[in-house]
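Chemist: Please find data07.cif (mmCIF, C-alpha atoms) on the next line:
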data_structure
#
loop_
_atom_site.label_atom_id
_atom_site.label_comp_id
_atom_site.auth_asym_id
_atom_site.auth_seq_id
_atom_site.Cartn_x
_atom_site.Cartn_y
_atom_site.Cartn_z
CA MET A 1 0.00 0.00 0.00
CA ASN A 2 2.82 2.40 0.69
CA ALA A 3 5.17 1.08 -1.92
CA THR A 4 4.53 4.27 -3.92
CA SER A 5 5.50 6.57 -1.03
CA PRO A 6 8.80 8.20 -1.99
CA THR A 7 9.24 10.02 1.34
CA HIS A 8 10.83 6.93 2.74
CA HIS A 9 14.01 7.55 0.80
CA THR A 10 14.40 11.33 1.05
CA VAL A 11 16.82 11.02 3.97
CA MET A 12 19.76 8.90 2.93
CA ARG A 13 21.81 9.29 6.08
CA SER A 14 20.91 7.43 9.22
CA GLN A 15 19.62 9.39 12.22
CA LEU A 16 22.81 8.53 14.09
CA GLY A 17 24.93 9.89 11.28
CA ARG A 18 23.04 13.15 11.32
CA ALA A 19 23.28 13.53 15.06
CA ARG A 20 26.93 12.60 15.23
CA GLY A 21 29.19 15.54 15.83
CA LEU A 22 26.44 17.61 17.42
CA GLY A 23 27.32 16.43 20.89
CA SER A 24 30.48 16.77 22.90
CA GLY A 25 33.29 18.70 21.27
CA HIS A 26 35.55 17.49 24.07
CA SER A 27 35.75 20.98 25.49
CA GLY A 28 32.65 21.23 27.69
CA THR A 29 34.30 20.23 30.95
CA ASP A 30 36.94 22.87 30.50
CA HIS A 31 34.27 25.53 30.10
CA TRP A 32 32.50 24.32 33.21
CA ILE A 33 35.70 24.33 35.26
CA VAL A 34 36.83 27.83 34.26
CA GLU A 35 33.36 29.11 35.12
CA ARG A 36 33.74 27.74 38.66
CA VAL A 37 37.38 28.77 39.09
CA SER A 38 36.71 32.35 37.98
CA ALA A 39 33.62 32.46 40.24
CA ALA A 40 35.63 31.28 43.24
CA SER A 41 38.39 33.82 42.49
CA LEU A 42 35.81 36.58 42.31
CA LEU A 43 34.62 35.95 45.88
CA PRO A 44 37.71 37.37 47.68
CA LEU A 45 38.35 39.98 44.97
CA SER A 46 34.83 41.43 45.15
CA GLY A 47 34.90 41.22 48.95
CA TRP A 48 38.04 43.35 48.90
CA PHE A 49 36.43 45.81 46.46
CA VAL A 50 33.29 46.18 48.59
CA ILE A 51 35.42 46.99 51.67
CA GLN A 52 37.40 49.54 49.64
CA MET A 53 34.18 51.16 48.45
CA PHE A 54 32.99 51.51 52.04
CA ARG A 55 36.21 53.43 52.69
CA LEU A 56 36.15 55.49 49.48
CA GLY A 57 32.48 56.11 48.61
CA GLY A 58 31.87 59.86 48.32
CA GLU A 59 35.56 60.80 48.66
CA ASP A 60 37.16 63.42 46.43
CA TYR A 61 39.02 62.77 43.19
CA GLU A 62 42.53 63.10 44.61
CA LYS A 63 42.01 60.50 47.31
CA VAL A 64 40.31 57.97 45.03
CA ALA A 65 42.91 58.42 42.27
CA ARG A 66 45.76 58.04 44.77
CA TRP A 67 44.09 54.88 46.08
CA GLY A 68 43.84 53.40 42.56
CA GLY A 69 47.46 54.20 41.80
CA LYS A 70 48.94 52.24 44.69
CA PRO A 71 50.62 49.03 43.42
CA VAL A 72 48.65 46.55 45.53
CA ASN A 73 45.33 48.27 44.82
CA ALA A 74 46.11 48.49 41.10
CA THR A 75 47.03 44.79 41.01
CA LEU A 76 43.85 43.71 42.75
CA LEU A 77 41.72 46.09 40.66
CA ALA A 78 43.18 44.74 37.42
CA ALA A 79 42.67 41.18 38.67
CA LEU A 80 39.07 42.00 39.59
CA VAL A 81 38.34 43.54 36.18
CA ALA A 82 39.99 40.71 34.24
CA THR A 83 38.33 37.94 36.26
CA SER A 84 34.91 39.65 36.21
CA PHE A 85 34.79 40.02 32.45
CA TYR A 86 36.29 36.60 31.87
CA HIS A 87 33.56 35.11 34.06
CA ALA A 88 30.98 37.26 32.25
CA GLU A 89 32.23 36.04 28.88
CA VAL A 90 32.03 32.40 29.92
CA GLY A 91 28.57 32.86 31.43
CA LEU A 92 27.11 34.90 28.57
CA GLN A 93 28.42 32.34 26.09
CA VAL A 94 26.29 29.66 27.74
CA ILE A 95 23.24 31.90 27.51
CA VAL A 96 23.91 32.53 23.81
CA ASP A 97 24.35 28.77 23.27
CA ASP A 98 20.99 28.15 24.92
CA TYR A 99 18.83 30.83 23.34
CA VAL A 100 20.38 31.97 20.05
CA HIS A 101 20.00 29.41 17.27
CA GLY A 102 20.71 29.23 13.58
CA LYS A 103 22.64 31.87 11.67
CA ALA A 104 22.66 34.37 14.54
CA HIS A 105 24.57 32.01 16.83
CA ALA A 106 28.13 32.58 15.61
CA PRO A 107 27.92 36.40 15.41
CA ALA A 108 26.22 36.54 18.81
CA LYS A 109 29.03 34.55 20.39
CA LEU A 110 31.61 36.72 18.70
CA LEU A 111 29.82 39.82 19.96
CA VAL A 112 29.96 38.51 23.53
CA LYS A 113 33.69 37.91 23.20
CA ILE A 114 34.39 41.31 21.67
CA GLY A 115 32.16 43.16 24.14
CA THR A 116 33.52 41.57 27.30
CA GLY A 117 37.05 41.72 25.92
CA LEU A 118 36.89 45.45 25.17
CA LEU A 119 35.32 46.26 28.53
CA GLY A 120 38.02 44.28 30.31
CA LEU A 121 40.73 46.06 28.33
CA LEU A 122 39.21 49.46 29.13
CA GLY A 123 39.27 48.61 32.82
CA ILE A 124 42.84 47.36 32.73
CA PHE A 125 44.14 50.35 30.78
CA SER A 126 42.38 52.67 33.24
CA VAL A 127 44.11 50.92 36.13
CA LEU A 128 47.45 51.10 34.30
CA LYS A 129 47.02 54.81 33.73
CA LEU A 130 46.15 55.36 37.39
CA ALA A 131 49.20 53.40 38.47
CA LEU A 132 51.76 54.64 35.94
CA GLY A 133 50.58 57.71 34.06
CA ARG A 134 49.28 60.09 36.71
CA THR A 135 52.31 62.31 37.17
CA ALA A 136 52.46 63.00 33.44
CA ALA A 137 48.76 63.77 33.22
CA LYS A 138 48.93 66.08 36.21
CA GLY A 139 51.53 68.49 34.80
CA MET B 1 17.81 23.29 7.63
CA GLN B 2 17.82 26.24 10.02
CA ASP B 3 18.70 24.42 13.18
CA VAL B 4 20.88 21.31 13.12
CA ARG B 5 18.97 19.82 16.00
CA GLU B 6 15.97 19.47 13.69
CA ALA B 7 17.74 16.33 12.48
CA LEU B 8 16.92 14.68 15.77
CA TYR B 9 13.21 15.38 15.36
CA VAL B 10 12.72 13.38 12.19
CA GLY B 11 10.95 10.09 12.81
CA SER B 12 9.12 7.58 10.66
CA ARG B 13 5.58 6.31 11.00
CA SER B 14 4.88 2.58 10.96
CA ASP B 15 3.99 2.89 7.25
CA GLY B 16 7.46 4.27 6.57
CA ALA B 17 6.50 7.90 5.95
CA LEU B 18 8.82 10.48 7.50
CA ILE B 19 7.24 12.78 10.06
CA ARG B 20 8.39 15.50 12.38
CA ARG B 21 8.38 14.09 15.90
CA PRO B 22 6.71 16.24 18.56
CA MET B 23 8.98 18.29 20.80
CA SER B 24 8.64 18.01 24.55
CA PRO B 25 6.52 20.70 26.18
CA HIS B 26 8.33 23.93 26.95
CA LEU B 27 8.37 26.35 29.90
CA GLN B 28 4.81 27.62 29.58
CA VAL B 29 3.20 24.33 30.58
CA TYR B 30 4.93 24.23 33.96
CA LYS B 31 3.79 25.99 37.10
CA MET B 32 6.44 28.37 38.38
CA ARG B 33 8.36 26.84 41.27
CA LEU B 34 10.84 28.42 43.65
CA SER B 35 13.74 26.35 42.29
CA MET B 36 12.80 27.29 38.74
CA PHE B 37 12.49 30.97 39.66
CA LEU B 38 15.87 30.97 41.41
CA SER B 39 17.54 29.18 38.49
CA ILE B 40 16.26 31.67 35.94
CA SER B 41 16.93 34.63 38.20
CA ASN B 42 20.54 33.49 38.60
CA ARG B 43 21.02 33.96 34.87
CA ILE B 44 19.17 37.25 34.74
CA THR B 45 21.12 38.70 37.67
CA GLY B 46 24.32 37.49 36.01
CA VAL B 47 23.50 39.53 32.92
CA VAL B 48 22.43 42.55 34.99
CA ALA B 49 25.60 42.30 37.09
CA THR B 50 27.66 42.30 33.88
CA GLY B 51 25.87 45.44 32.72
CA GLY B 52 26.57 47.07 36.08
CA SER B 53 30.21 46.04 35.90
CA ALA B 54 30.42 47.63 32.47
CA LEU B 55 29.25 50.90 34.06
CA GLY B 56 31.78 50.30 36.84
CA VAL B 57 34.56 50.12 34.25
CA PHE B 58 33.38 53.43 32.78
CA TRP B 59 33.62 54.88 36.28
CA LEU B 60 37.19 53.58 36.51
CA ALA B 61 37.98 55.07 33.10
CA ALA B 62 36.56 58.43 34.22
CA LEU B 63 38.77 58.27 37.32
CA ALA B 64 41.82 57.53 35.16
CA LYS B 65 40.97 60.33 32.72
CA GLY B 66 41.05 63.11 35.26
CA PRO B 67 39.19 65.31 37.78
CA LYS B 68 36.74 66.73 35.23
CA SER B 69 35.47 63.37 33.98
CA PHE B 70 35.40 62.06 37.54
CA ALA B 71 33.17 64.99 38.47
CA SER B 72 30.77 64.08 35.64
CA ALA B 73 30.81 60.44 36.72
CA ARG B 74 29.95 61.62 40.23
CA LYS B 75 26.97 63.53 38.84
CA VAL B 76 25.69 60.23 37.41
CA THR B 77 26.31 58.17 40.55
CA GLY B 78 24.91 60.86 42.85
CA ASN B 79 21.73 61.29 40.80
CA PRO B 80 18.62 59.49 42.19
CA LEU B 81 18.38 57.43 39.00
CA GLY B 82 22.09 56.59 39.27
CA GLN B 83 21.55 55.57 42.89
CA LEU B 84 18.73 53.29 41.79
CA VAL B 85 21.01 51.69 39.18
CA LEU B 86 23.76 51.23 41.80
CA PHE B 87 21.20 49.70 44.16
CA GLY B 88 20.09 47.28 41.45
CA TRP B 89 23.69 46.42 40.59
CA ILE B 90 24.53 45.59 44.21
CA ILE B 91 21.36 43.50 44.63
CA SER B 92 22.11 41.63 41.39
CA LEU B 93 25.69 40.91 42.51
CA VAL B 94 24.53 39.61 45.87
CA TRP B 95 21.79 37.54 44.20
CA HIS B 96 24.18 36.03 41.66
CA THR B 97 26.78 35.37 44.37
CA VAL B 98 24.26 33.52 46.55
CA GLY B 99 23.16 31.52 43.50
CA GLY B 100 26.79 30.73 42.72
CA LEU B 101 27.47 29.59 46.27
CA ARG B 102 24.51 27.23 46.02
CA HIS B 103 26.01 25.86 42.80
CA PHE B 104 29.27 25.17 44.66
CA ILE B 105 27.30 23.24 47.30
CA TRP B 106 25.60 21.18 44.58
CA ASP B 107 28.92 20.61 42.82
CA ALA B 108 30.21 19.14 46.07
CA GLY B 109 27.31 16.68 45.81
CA ARG B 110 25.32 18.07 48.72
CA ARG B 111 21.80 19.45 49.29
CA TYR B 112 20.51 18.17 45.96
CA ASP B 113 17.32 16.42 47.09
CA LYS B 114 13.96 17.96 46.33
CA LYS B 115 13.22 18.68 49.98
CA GLU B 116 16.64 20.19 50.60
CA LEU B 117 16.44 22.25 47.42
CA ASN B 118 13.16 23.81 48.52
CA GLU B 119 14.40 24.47 52.04
CA ASP B 120 17.62 26.08 50.81
CA GLY B 121 15.74 28.10 48.21
CA ARG B 122 13.83 29.92 50.93
CA VAL B 123 17.00 30.47 52.94
CA ALA B 124 18.67 31.83 49.79
CA LEU B 125 15.82 34.31 49.24
CA GLY B 126 16.12 35.46 52.86
CA VAL B 127 19.89 35.85 52.59
CA ILE B 128 19.59 37.75 49.31
CA ALA B 129 17.00 40.14 50.76
CA GLY B 130 18.85 40.61 54.05
CA VAL B 131 22.42 40.91 52.81
CA GLY B 132 21.49 42.67 49.59
CA VAL B 133 19.38 45.43 51.12
CA THR B 134 21.73 45.91 54.10
CA LEU B 135 24.82 46.13 51.90
CA ALA B 136 23.21 48.41 49.31
CA THR B 137 21.64 50.85 51.76
CA SER B 138 24.68 51.05 54.04
CA LEU B 139 27.17 51.51 51.18
CA LEU B 140 25.04 54.08 49.35
CA GLY B 141 24.11 55.79 52.63
CA ILE B 142 27.70 56.12 53.86
CA SER B 143 28.86 57.39 50.46
CA CYS B 144 26.07 59.97 50.32
CA CYS B 145 26.82 61.22 53.86
CA ARG B 146 30.53 61.51 53.10
CA ALA B 147 29.92 63.32 49.81
CA ARG B 148 27.54 65.77 51.48
CA ARG B 149 29.96 66.46 54.33
CA ARG B 150 32.74 67.06 51.81
CA ALA B 151 30.58 69.48 49.82
CA LYS B 152 29.81 71.44 53.02
CA LEU B 153 33.48 71.67 53.93
CA LEU B 154 34.30 72.89 50.43
CA LYS B 155 31.64 75.60 50.72
CA LYS B 156 32.99 76.72 54.09
CA ALA B 157 36.52 76.85 52.74
CA SER B 158 35.47 79.06 49.84
#
Spit out the file's structure as structure tokens when you get a sec.

Modeler:
Amino acid sequence: MNATSPTHHTVMRSQLGRARGLGSGHSGTDHWIVERVSAASLLPLSGWFVIQMFRLGGEDYEKVARWGGKPVNATLLAALVATSFYHAEVGLQVIVDDYVHGKAHAPAKLLVKIGTGLLGLLGIFSVLKLALGRTAAKG
Amino acid sequence: MQDVREALYVGSRSDGALIRRPMSPHLQVYKMRLSMFLSISNRITGVVATGGSALGVFWLAALAKGPKSFASARKVTGNPLGQLVLFGWIISLVWHTVGGLRHFIWDAGRRYDKKELNEDGRVALGVIAGVGVTLATSLLGISCCRARRRAKLLKKAS
């Protein structure tokens, strides 16, 4: 009765063959681990930043700029910025993977990388300028 | 084929004809649960916290640029709307941190039963509300007081 039905042969590859390669790319665990490691690193770094903000909130420019230029503060600030935006990149990537399908997927992921990367760089260059370039800017 | 996963939804009827297999029901058929709400909110607060951190980096850039740009940044942070944004940023960070800590507990293989999940979910909400509001109001309050005192001193000096 269904010998005339041609639909049976329109898919030549087996279901397994079509699904193969859509699963693990052997890099998922790594992504999961760096998400946790960056999260754990952010706990002490943000704790430090919150304490600093309690000390500095509402202070004048000179005091805050001097604070940011001190070597230990600049190091921790740069570490906080880098870790924050790295963690953001890793987290936002998962969200893009989950909700953005089809042609938009690759550009969306690229956009996340570029956005978080540029913001991180802006933060780090600001810290570098506070730590190294203040005397020149002052004169 | 738009989405490669469509490949997994092709099935064949007993007469051999190819059909599109039904997908499993999505979010809208489920009643909202606390665990579900906290899971989704962890993502949302993560995105909001990233947005806030982006503004934080602009604050840092203004500080690095000089006194004039720092003064304009202060106008934004001192503004009621700016204060509201800062409040939301702090709450989001606390929320996402509490969610992250719960993930660490689950990763250690603990508190993963249904009963425990529901118990901890309520505790998490309490901690978020308590710590979040306390931290945000005290930090913003102290900063406001200090800024006002500084402005008064400046006026006296001039």

Chemist: Care to translate the PyMOL selection byres ((chain A) within 6 of (chain B)) into actual residues of this file, as number ranges by chain?

Modeler: A: 7-8, 54, 57-58, 61, 102, 123, 126, 130

Chemist: From the list A:Lys103, A:Ala131, A:Glu35, A:Leu76, which residue is nearest Gly47 of chain A when using only C-alpha atoms?

Modeler: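 Answer, going by the shortest atom-to-atom distance: A:Leu76.
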
Chemist: Using the chain letters and numbers from the file, give me the residues hit by the PyMOL selection byres ((chain A and resi 74) around 12), as a ChimeraX atom specification.

Modeler: /A:49,64-73,75-81,123-132 /B:60,64

Chemist: In Å, rounded to a single decimal, give me how far atom CA of Gly121 of chain B is from atom CA of Ser35 of chain B.

Modeler: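 One can read the atom CA of Ser35 of chain B to atom CA of Gly121 of chain B distance as 6.5 Å.
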
Chemist: Contacts of segment 38-40 of chain A at 7 Å or less, counting only C-alpha atoms, minus same-chain residues fewer than 3 places along, as a short mmCIF file (atom, residue, chain, number, x, y, z; two decimals) with C-alpha atoms, keeping the file's coordinate frame?

Modeler:
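What follows is the written file around02.cif:
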data_model
loop_
_atom_site.label_atom_id
_atom_site.label_comp_id
_atom_site.auth_asym_id
_atom_site.auth_seq_id
_atom_site.Cartn_x
_atom_site.Cartn_y
_atom_site.Cartn_z
CA VAL A 34 36.83 27.83 34.26
CA GLU A 35 33.36 29.11 35.12
CA LEU A 43 34.62 35.95 45.88
CA THR A 83 38.33 37.94 36.26
CA HIS A 87 33.56 35.11 34.06
#

Chemist: Using atom CA of Trp48 of chain A and atom CA of Arg110 of chain B as the two end points, give the distance in Å to one decimal.

Modeler: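 One can read the atom CA of Trp48 of chain A to atom CA of Arg110 of chain B distance as 28.3 Å.
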
Chemist: Can you give me, as a PyMOL selection string, the residues this file yields under the PyMOL selection byres ((chain A and resi 113-115) around 12)?

Modeler: (chain A and resi 85-94+96+106-112+116-122) or (chain B and resi 50-51+54)

Chemist: Can you sort out the box for segment 64-76 of chain A, edges along x, y and z, all listed atoms in, 5 Å on every side, with centre and edge lengths in Å to one decimal, as AutoDock Vina command-line options?

Modeler:
--center_x 45.5 --center_y 51.1 --center_z 43.5 --size_x 20.3 --size_y 24.7 --size_z 15.1

Chemist: In Å, rounded to a single decimal, give me how far atom CA of Val100 of chain A is from atom CA of Leu16 of chain A.

Modeler: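 The value is 24.3 Å.
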